[in-house]
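Visitor: This is the structure I want to talk about, given as structure tokens.
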Amino acid sequence: MAPISLTFPDDNARDYEAGITPAQVAADISKSLSKKAISATVNGQHWDLQWPIDADAQIAINTMQDEAPALELIRHDLAHIMARAVQEIWPDVKVTIGPVIDNGWYYDFDRAEPFTPEDLGAIEKKMREIINKRDPVTTEVWDRDRAIKYYEANNEPYKVELIEAIPGSDPIRMYWHGHWQDLCRGPHLQHTGQVPADAFKLMSVAGAYWRGDSSRQMLQRIYGVAFQNKEALRAHLTMLEEAAKRDHRKLGREMDLFHMQEEAPGQIFWHPNGWTIYTQLQDYMRRQQRRGGYVEVNTPQVVDRRLWEASGHWEKYQEHMFIVEVDEEHAREKSVNALKPMNCPGHVQVYNQGLKSYRDLPLRMAEFGSCNRYEPSGALHGIMRVRGFTQDDAHIFCTEDQIEAETARFIDFLSEIYRDLGFAEFKVLFSDRPETRAGSDEIWDKAENALLTATRAAGTEPGLNPGEGAFYGPKLEFVLTDAIGRDWQCGTLQVDFVLPERLDATYIGADGDKHRPVMLHRAVLGSFERFIGILIEEHAGKLPFWLAPRQVVVASITSEADAYVAEVVEALQKAGIRAEADIRNEKINYKVREHSVGKVPVILAVGHREVEDRTVSVRRLGEKQTSVQPLADIVASLGADATPPDLA
RNA sequence: GCUGCUGUAGCUCAGAGGUAGAGCACUCCCUUGGUAAGGGAGAGGUCGAGAGUUCGAUUCUCUCCAGCAGCACCA
């Protein structure tokens, strides 16, 4: 074999025979490294200690001190160890796939009986036994037919299907954890004992479709989390507990913001407190939109099917629409209507009134559009995914040449609003052309380039969602994250070549001929409902002062202060502050606790001293310290705090 | 929509084949208390809905509805 040169992170190089494995390299360096090694990084690629190296390369030997490879291996080996444990307990269970995910892994199984929470305990116990056995991990590359025959003989049809899907040029890699075998691309640890036995936990079982296809077998997926040590696991579990306290459904109850009930699934009963947030946000958005060059319109809720047929919704979206048929006896006309699931067709109707000139473009038409969509029952989630919601929707009618400038303008617009609302960071995703689509490649090129160029010009490199664009055009998604790390699309910008055509929108160009405008569908918040949900979770209920539904509670310490409490409340209200009195016959401790739990940002306590001095004792949410201030001062400073960011 | 789990007082939850309990919240009384729960009394439930088994069902079975987790969906 020809010698090869391996270069280490310290830039020293050593010569080895081609085909040498990192395990041998580690052994060559030192006995202790050989024991501690978990994997290698070869030319930037994560490399199993058993894989041969055939050419000159950069190499680093990883140990448990190297966080990224360590975590990947711990989680990946645990996926295999869990699958082995399951098959040792229930030999007839069929195994499928088990990848590493954020914080842990999952593995999908085909088993007739459901896994119970008690089963999870039994599996965990078995996993620890396997870890304690310190079984060696070994790997071989097999011939494709041999691997298929092997799995057919072992009655593992899912593995056969996986192999059939592996491209012909790729090796079929087999792994063994002790006697237990799995198809896997690797890499893995040296032996099961390298996995920390006290730093993982099985979390839950849920259904998952085989290969993510809802027309296929539903499997049982077991989720686990794992870390490098017990402390990190504990920290993660604590974080989950803390996140649960920020859940908008819980805070919505505690802060008396809204409720939902069986009779109206996926729809929200807003309480006075919640509706205050909603209207504050809407007022703010309305001001921003005016400033941003939008005109505001409003369009009908219940619309004859003819329009939905023309727009294409009847064909493509009907299963998500609430269809309204009036009882024939009462119907004036026997039409079939649908509640609008989107505002776009309505906006085109407004656009189509009167001839438009190229001088009218870009025309930015906004609506706080109430939409109803029959979302699948399993998709509903608090106020974040609902069946009745209001979008801060707008459609920009423009020419192809204006797409880029309008996109840039929109990203600026959205960024400022997100910043005002406390979201300095957000993800941007770019979805390009799907396989089935309308419009020529030429026009797609143009639209995709416009979106990308404008996004990059705004200083953001979007993530790519390949092939996930709508059939009518590419899109940008602006994604925010909830308390437990689930992503929610809020803002969006979508180019649409199709709807103007279908609904015959035109403008007269400088040449005197009719032309088709392009439509940009765009939303900043997405929907008020979802955005408020995110806002609550982001702030753990402690909303910025200007959005807080109850900004100030003035609490009496003694009933002799009642008259002064009323005076303070009135002064605050005159300054535009949402203030209320609490003169109940309760101790100040009780009142402070109750309003703190209710996330009221400022509590003003008044007793004899304050009445005497015409002051208030100020306590801000989350602070133990109080300060005494003259009434006039606090009215002025809270009045300033209450000013929305765009008016400050 | 699919898989699994759950549904008892306004909230958080306990309970059992013989028609229900706690804490908090609520109402009243006592208490006027200085920054996260003062004391006492009282009221409050068709045990998610319907059907079946049973002498008897809130408890067991089935169907439906809703919620939760995940998957699929998300113009």
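Residue numbers start at 1 in each chain; chains themselves are named A, B, ... in the order of the structure tokens; ligands are numbered from 1 in the order shown.
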I need the strand (DSSP E) residues of stretch 39-257 of chain A per DSSP on the backbone, written as a PyMOL selection string.

Guide: chain A and resi 39-42+45-47+57-62+94-95+100-101+104-110+137-142+172-177+180-183+200-209+218-226

Visitor: Find the residues in chain A near chain B: any atom within 6 Å counts, using only C-alpha atoms (C1' of nucleotides). Write them as a list in words.

Guide: Ala206, Gly207, Ala208, Tyr209, Ser214, Glu262, Thr558, Lys587, Asn589, Tyr590 and Arg593 of chain A

Visitor: How about saving the chosen residues, all heavy atoms kept, as a PDB file, in the first residue's frame?

Guide:
```pdb
ATOM      1  N   ALA A 206     -45.121   8.623  20.268  1.00  0.00           N
ATOM      2  CA  ALA A 206     -46.154   9.221  19.431  1.00  0.00           C
ATOM      3  C   ALA A 206     -46.149   8.520  18.088  1.00  0.00           C
ATOM      4  O   ALA A 206     -45.175   7.862  17.717  1.00  0.00           O
ATOM      5  CB  ALA A 206     -45.893  10.716  19.248  1.00  0.00           C
ATOM      6  N   GLY A 207     -47.229   8.655  17.379  1.00  0.00           N
ATOM      7  CA  GLY A 207     -47.313   8.056  16.053  1.00  0.00           C
ATOM      8  C   GLY A 207     -46.515   8.854  15.054  1.00  0.00           C
ATOM      9  O   GLY A 207     -46.338  10.058  15.201  1.00  0.00           O
ATOM     10  N   ALA A 208     -46.017   8.179  14.037  1.00  0.00           N
ATOM     11  CA  ALA A 208     -45.315   8.871  12.957  1.00  0.00           C
ATOM     12  C   ALA A 208     -45.437   7.998  11.714  1.00  0.00           C
ATOM     13  O   ALA A 208     -45.298   6.781  11.800  1.00  0.00           O
ATOM     14  CB  ALA A 208     -43.849   9.095  13.307  1.00  0.00           C
ATOM     15  N   TYR A 209     -45.721   8.629  10.591  1.00  0.00           N
ATOM     16  CA  TYR A 209     -45.893   7.846   9.364  1.00  0.00           C
ATOM     17  C   TYR A 209     -44.562   7.344   8.851  1.00  0.00           C
ATOM     18  O   TYR A 209     -43.551   8.057   8.883  1.00  0.00           O
ATOM     19  CB  TYR A 209     -46.540   8.703   8.273  1.00  0.00           C
ATOM     20  CG  TYR A 209     -47.937   9.151   8.597  1.00  0.00           C
ATOM     21  CD1 TYR A 209     -48.217  10.475   8.900  1.00  0.00           C
ATOM     22  CD2 TYR A 209     -48.980   8.226   8.598  1.00  0.00           C
ATOM     23  CE1 TYR A 209     -49.498  10.884   9.198  1.00  0.00           C
ATOM     24  CE2 TYR A 209     -50.271   8.627   8.888  1.00  0.00           C
ATOM     25  CZ  TYR A 209     -50.524   9.959   9.193  1.00  0.00           C
ATOM     26  OH  TYR A 209     -51.791  10.357   9.486  1.00  0.00           O
ATOM     27  N   SER A 214     -48.393  10.157   4.727  1.00  0.00           N
ATOM     28  CA  SER A 214     -49.633   9.899   5.471  1.00  0.00           C
ATOM     29  C   SER A 214     -50.462   8.790   4.848  1.00  0.00           C
ATOM     30  O   SER A 214     -51.445   8.354   5.443  1.00  0.00           O
ATOM     31  CB  SER A 214     -50.456  11.182   5.590  1.00  0.00           C
ATOM     32  OG  SER A 214     -50.829  11.637   4.314  1.00  0.00           O
ATOM     33  N   GLU A 262     -65.462  23.937  23.621  1.00  0.00           N
ATOM     34  CA  GLU A 262     -65.817  22.864  22.688  1.00  0.00           C
ATOM     35  C   GLU A 262     -66.692  23.291  21.532  1.00  0.00           C
ATOM     36  O   GLU A 262     -66.582  22.762  20.430  1.00  0.00           O
ATOM     37  CB  GLU A 262     -66.580  21.775  23.450  1.00  0.00           C
ATOM     38  CG  GLU A 262     -65.720  20.709  24.029  1.00  0.00           C
ATOM     39  CD  GLU A 262     -66.555  19.493  24.443  1.00  0.00           C
ATOM     40  OE1 GLU A 262     -67.567  19.213  23.781  1.00  0.00           O
ATOM     41  OE2 GLU A 262     -66.190  18.844  25.433  1.00  0.00           O
ATOM     42  N   THR A 558     -54.497  50.724  53.486  1.00  0.00           N
ATOM     43  CA  THR A 558     -55.556  50.873  54.478  1.00  0.00           C
ATOM     44  C   THR A 558     -56.749  51.531  53.811  1.00  0.00           C
ATOM     45  O   THR A 558     -56.582  52.300  52.851  1.00  0.00           O
ATOM     46  CB  THR A 558     -55.082  51.732  55.669  1.00  0.00           C
ATOM     47  OG1 THR A 558     -56.236  52.299  56.318  1.00  0.00           O
ATOM     48  CG2 THR A 558     -54.198  52.878  55.215  1.00  0.00           C
ATOM     49  N   LYS A 587     -54.921  42.317  52.653  1.00  0.00           N
ATOM     50  CA  LYS A 587     -53.614  42.869  53.012  1.00  0.00           C
ATOM     51  C   LYS A 587     -52.813  43.187  51.745  1.00  0.00           C
ATOM     52  O   LYS A 587     -53.031  42.592  50.688  1.00  0.00           O
ATOM     53  CB  LYS A 587     -52.841  41.848  53.850  1.00  0.00           C
ATOM     54  CG  LYS A 587     -53.456  41.658  55.213  1.00  0.00           C
ATOM     55  CD  LYS A 587     -52.490  40.988  56.148  1.00  0.00           C
ATOM     56  CE  LYS A 587     -53.055  41.009  57.551  1.00  0.00           C
ATOM     57  NZ  LYS A 587     -52.109  40.503  58.538  1.00  0.00           N
ATOM     58  N   ASN A 589     -49.862  42.401  51.062  1.00  0.00           N
ATOM     59  CA  ASN A 589     -49.153  41.205  50.601  1.00  0.00           C
ATOM     60  C   ASN A 589     -49.988  40.422  49.604  1.00  0.00           C
ATOM     61  O   ASN A 589     -49.507  39.967  48.578  1.00  0.00           O
ATOM     62  CB  ASN A 589     -48.835  40.286  51.775  1.00  0.00           C
ATOM     63  CG  ASN A 589     -47.767  40.861  52.659  1.00  0.00           C
ATOM     64  OD1 ASN A 589     -46.683  41.181  52.198  1.00  0.00           O
ATOM     65  ND2 ASN A 589     -48.090  41.047  53.918  1.00  0.00           N
ATOM     66  N   TYR A 590     -51.234  40.285  49.966  1.00  0.00           N
ATOM     67  CA  TYR A 590     -52.160  39.529  49.140  1.00  0.00           C
ATOM     68  C   TYR A 590     -52.332  40.192  47.773  1.00  0.00           C
ATOM     69  O   TYR A 590     -52.283  39.553  46.728  1.00  0.00           O
ATOM     70  CB  TYR A 590     -53.492  39.453  49.885  1.00  0.00           C
ATOM     71  CG  TYR A 590     -54.551  38.657  49.192  1.00  0.00           C
ATOM     72  CD1 TYR A 590     -54.720  37.305  49.478  1.00  0.00           C
ATOM     73  CD2 TYR A 590     -55.400  39.251  48.271  1.00  0.00           C
ATOM     74  CE1 TYR A 590     -55.707  36.573  48.848  1.00  0.00           C
ATOM     75  CE2 TYR A 590     -56.386  38.534  47.641  1.00  0.00           C
ATOM     76  CZ  TYR A 590     -56.535  37.187  47.924  1.00  0.00           C
ATOM     77  OH  TYR A 590     -57.509  36.473  47.299  1.00  0.00           O
ATOM     78  N   ARG A 593     -49.179  39.927  45.628  1.00  0.00           N
ATOM     79  CA  ARG A 593     -49.030  38.595  45.053  1.00  0.00           C
ATOM     80  C   ARG A 593     -49.984  38.391  43.888  1.00  0.00           C
ATOM     81  O   ARG A 593     -49.595  37.960  42.810  1.00  0.00           O
ATOM     82  CB  ARG A 593     -49.295  37.522  46.110  1.00  0.00           C
ATOM     83  CG  ARG A 593     -49.141  36.143  45.536  1.00  0.00           C
ATOM     84  CD  ARG A 593     -49.594  35.041  46.482  1.00  0.00           C
ATOM     85  NE  ARG A 593     -50.182  33.959  45.714  1.00  0.00           N
ATOM     86  CZ  ARG A 593     -49.474  33.074  45.029  1.00  0.00           C
ATOM     87  NH1 ARG A 593     -48.171  33.137  45.034  1.00  0.00           N
ATOM     88  NH2 ARG A 593     -50.070  32.132  44.334  1.00  0.00           N
TER      89      ARG A 593
END
```

Visitor: Looking at A:Asn465, A:Ser5, A:Thr506, A:Ser415, which one is nearest to A:Pro434, with distances taken over only C-alpha atoms?

Guide: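 Smallest distance to A:Pro434 is found for A:Asn465.
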
Visitor: Skipping near chain neighbours, those fewer than 2 positions away, what residues fall within 9 Å of A:Leu78 using only C-alpha atoms (C1' of nucleotides), listed as a list in words?

Guide: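 Residues meeting the cut-off are Leu73, Ile74, Arg75, His76, His80, Ile81, Met82, Ala83, Gly104, Trp105, Met127, Thr192, Val195, Phe200, Gly224 and Ala226 of chain A.
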
Visitor: Using only C-alpha atoms (C1' of nucleotides), find the one residue out of B:U46, B:U6, B:U27, B:U19 that sits nearest to B:U59.

Guide: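 Answer, going by the shortest atom-to-atom distance: B:U19.
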
Visitor: Separation of atom CA of A:Tyr175 and atom CA of A:Ser39, in Å?

Guide: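 So the two atoms, atom CA of A:Tyr175 and atom CA of A:Ser39, lie 14.8 Å apart.
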
Visitor: Separation of atom CA of A:Glu404 and atom CA of A:Pro645, in Å?

Guide: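 According to the coordinates, atom CA of A:Glu404 and atom CA of A:Pro645 are separated by 28.2 Å.
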
Visitor: How many Å separate atom CA of A:Lys149 from atom CA of A:Leu162?

Guide: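 Calculated distance between atom CA of A:Lys149 and atom CA of A:Leu162 is 13.1 Å.
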
Visitor: Please list as a VMD selection string every residue within 12 Å of B:A9, counting only C-alpha atoms (C1' of nucleotides) and excluding residues in the same chain fewer than 4 positions away.

Guide: chain B and resid 13 20 to 22 24 to 26 43 to 45 47

Visitor: Using DSSP secondary structure from the backbone, list all helix (DSSP H, G or I) positions within stretch 418-629 of chain A, as an MDAnalysis selection string.

Guide: chainID A and resid 418:420 441:457 499:502 528:538 559:574 588:597 608:613

Visitor: List as a PyMOL selection string the protein and nucleic acid residues near stretch 528-536 of chain A, meaning an atom at most 6 Å away when only C-alpha atoms (C1' of nucleotides) are counted, but skip any in the same chain fewer than 6 places from it.

Guide: chain A and resi 248+383-384+390+482

Visitor: Generate a file of the selected residues that holds C-alpha atoms, formatted as a PDB file, in the first residue's frame.

Guide:
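Contents of selection.pdb, as written:
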```
ATOM      1  CA  HIS A 248     -49.480  30.943  26.191  1.00  0.00           C
ATOM      2  CA  ILE A 383     -54.241  30.402  19.696  1.00  0.00           C
ATOM      3  CA  MET A 384     -51.279  29.720  17.410  1.00  0.00           C
ATOM      4  CA  THR A 390     -57.243  37.725  11.416  1.00  0.00           C
ATOM      5  CA  ASP A 482     -42.238  29.535  20.845  1.00  0.00           C
TER       6      ASP A 482
END
```

Visitor: Find the spatial neighbours of A:Asp108, counting only C-alpha atoms (C1' of nucleotides), within a cut-off of 8 Å - ignore same-chain residues fewer than 4 positions away - and output them as a count of residues only.

Guide: 9

Visitor: Give me the residues near stretch 607-613 of chain A as a compact mmCIF listing (two decimals) with N, CA and C atoms (P, O5', C5', C4', C3', O3' and C1' of nucleotides), in the first residue's frame, where near means some atom within 12 Å (using only C-alpha atoms (C1' of nucleotides)) and where sequence neighbours in that chain fewer than 4 positions away do not count.

Guide:
```txt
# COMPACT_ATOMS: atom_id res chain seq x y z
N VAL A 554 -53.45 50.35 41.39
CA VAL A 554 -53.20 51.18 42.57
C VAL A 554 -53.89 50.50 43.74
N ALA A 555 -53.08 50.04 44.69
CA ALA A 555 -53.60 49.22 45.78
C ALA A 555 -53.54 49.98 47.10
N SER A 556 -54.65 49.97 47.79
CA SER A 556 -54.66 50.63 49.10
C SER A 556 -54.08 49.70 50.15
N ILE A 557 -53.37 50.30 51.10
CA ILE A 557 -52.85 49.53 52.22
C ILE A 557 -53.84 49.60 53.38
N THR A 558 -54.50 50.72 53.49
CA THR A 558 -55.56 50.87 54.48
C THR A 558 -56.75 51.53 53.81
N SER A 559 -57.93 51.25 54.28
CA SER A 559 -59.12 51.79 53.62
C SER A 559 -59.19 53.31 53.76
N GLU A 560 -58.41 53.85 54.67
CA GLU A 560 -58.39 55.31 54.79
C GLU A 560 -57.72 55.96 53.59
N ALA A 561 -57.07 55.15 52.76
CA ALA A 561 -56.42 55.70 51.57
C ALA A 561 -57.32 55.61 50.33
N ASP A 562 -58.52 55.06 50.48
CA ASP A 562 -59.37 54.79 49.32
C ASP A 562 -59.59 56.01 48.43
N ALA A 563 -59.87 57.14 49.03
CA ALA A 563 -60.17 58.34 48.24
C ALA A 563 -58.95 58.76 47.44
N TYR A 564 -57.79 58.63 48.05
CA TYR A 564 -56.55 59.00 47.36
C TYR A 564 -56.26 58.01 46.23
N VAL A 565 -56.57 56.73 46.46
CA VAL A 565 -56.41 55.72 45.40
C VAL A 565 -57.21 56.15 44.17
N ALA A 566 -58.44 56.56 44.40
CA ALA A 566 -59.29 56.97 43.28
C ALA A 566 -58.68 58.16 42.54
N GLU A 567 -58.11 59.05 43.31
CA GLU A 567 -57.48 60.23 42.71
C GLU A 567 -56.27 59.83 41.85
N VAL A 568 -55.48 58.90 42.38
CA VAL A 568 -54.29 58.45 41.64
C VAL A 568 -54.71 57.75 40.35
N ILE A 583 -59.08 48.39 46.07
CA ILE A 583 -59.32 48.83 47.45
C ILE A 583 -60.05 47.75 48.23
N LYS A 587 -54.92 42.32 52.65
CA LYS A 587 -53.61 42.87 53.01
C LYS A 587 -52.81 43.19 51.74
N ILE A 588 -51.87 44.09 51.90
CA ILE A 588 -51.06 44.50 50.76
C ILE A 588 -50.27 43.32 50.20
N SER A 617 -45.99 54.46 46.42
CA SER A 617 -44.89 53.50 46.55
C SER A 617 -44.93 52.61 45.32
N VAL A 618 -43.84 52.66 44.52
CA VAL A 618 -43.83 52.02 43.21
C VAL A 618 -43.15 50.66 43.29
N SER A 627 -39.91 52.00 45.46
CA SER A 627 -39.41 53.36 45.63
C SER A 627 -40.61 54.28 45.79
N VAL A 628 -40.43 55.30 46.59
CA VAL A 628 -41.52 56.25 46.81
C VAL A 628 -41.30 57.45 45.91
N GLN A 629 -42.34 57.81 45.14
CA GLN A 629 -42.20 58.92 44.21
C GLN A 629 -43.41 59.83 44.29
N PRO A 630 -43.19 61.11 44.03
CA PRO A 630 -44.33 62.05 43.98
C PRO A 630 -45.31 61.62 42.89
N LEU A 631 -46.56 61.81 43.15
CA LEU A 631 -47.61 61.40 42.20
C LEU A 631 -47.37 61.97 40.80
N ALA A 632 -47.08 63.26 40.74
CA ALA A 632 -46.92 63.90 39.43
C ALA A 632 -45.78 63.26 38.64
P U B 32 -58.43 46.02 62.79
O5' U B 32 -57.76 46.27 61.38
C5' U B 32 -56.38 46.05 61.15
C4' U B 32 -55.85 47.07 60.16
C3' U B 32 -55.94 48.52 60.64
O3' U B 32 -54.81 49.24 60.18
C1' U B 32 -57.13 48.28 58.62
P G B 33 -53.41 49.06 60.84
O5' G B 33 -52.77 47.89 59.97
C5' G B 33 -51.92 46.92 60.60
C4' G B 33 -51.78 45.72 59.69
C3' G B 33 -50.88 45.95 58.48
O3' G B 33 -49.54 45.63 58.79
C1' G B 33 -52.95 44.99 57.80
P G B 34 -48.47 46.67 58.49
O5' G B 34 -48.41 46.78 56.90
C5' G B 34 -47.99 45.70 56.10
C4' G B 34 -47.14 46.22 54.96
C3' G B 34 -45.67 46.38 55.29
O3' G B 34 -44.94 46.18 54.08
C1' G B 34 -46.52 48.45 54.64
P U B 35 -43.63 45.21 54.05
O5' U B 35 -43.76 44.41 52.68
C5' U B 35 -44.86 43.52 52.47
C4' U B 35 -45.08 43.35 50.98
C3' U B 35 -43.80 43.11 50.20
O3' U B 35 -44.08 42.25 49.13
C1' U B 35 -44.88 45.02 49.38
```
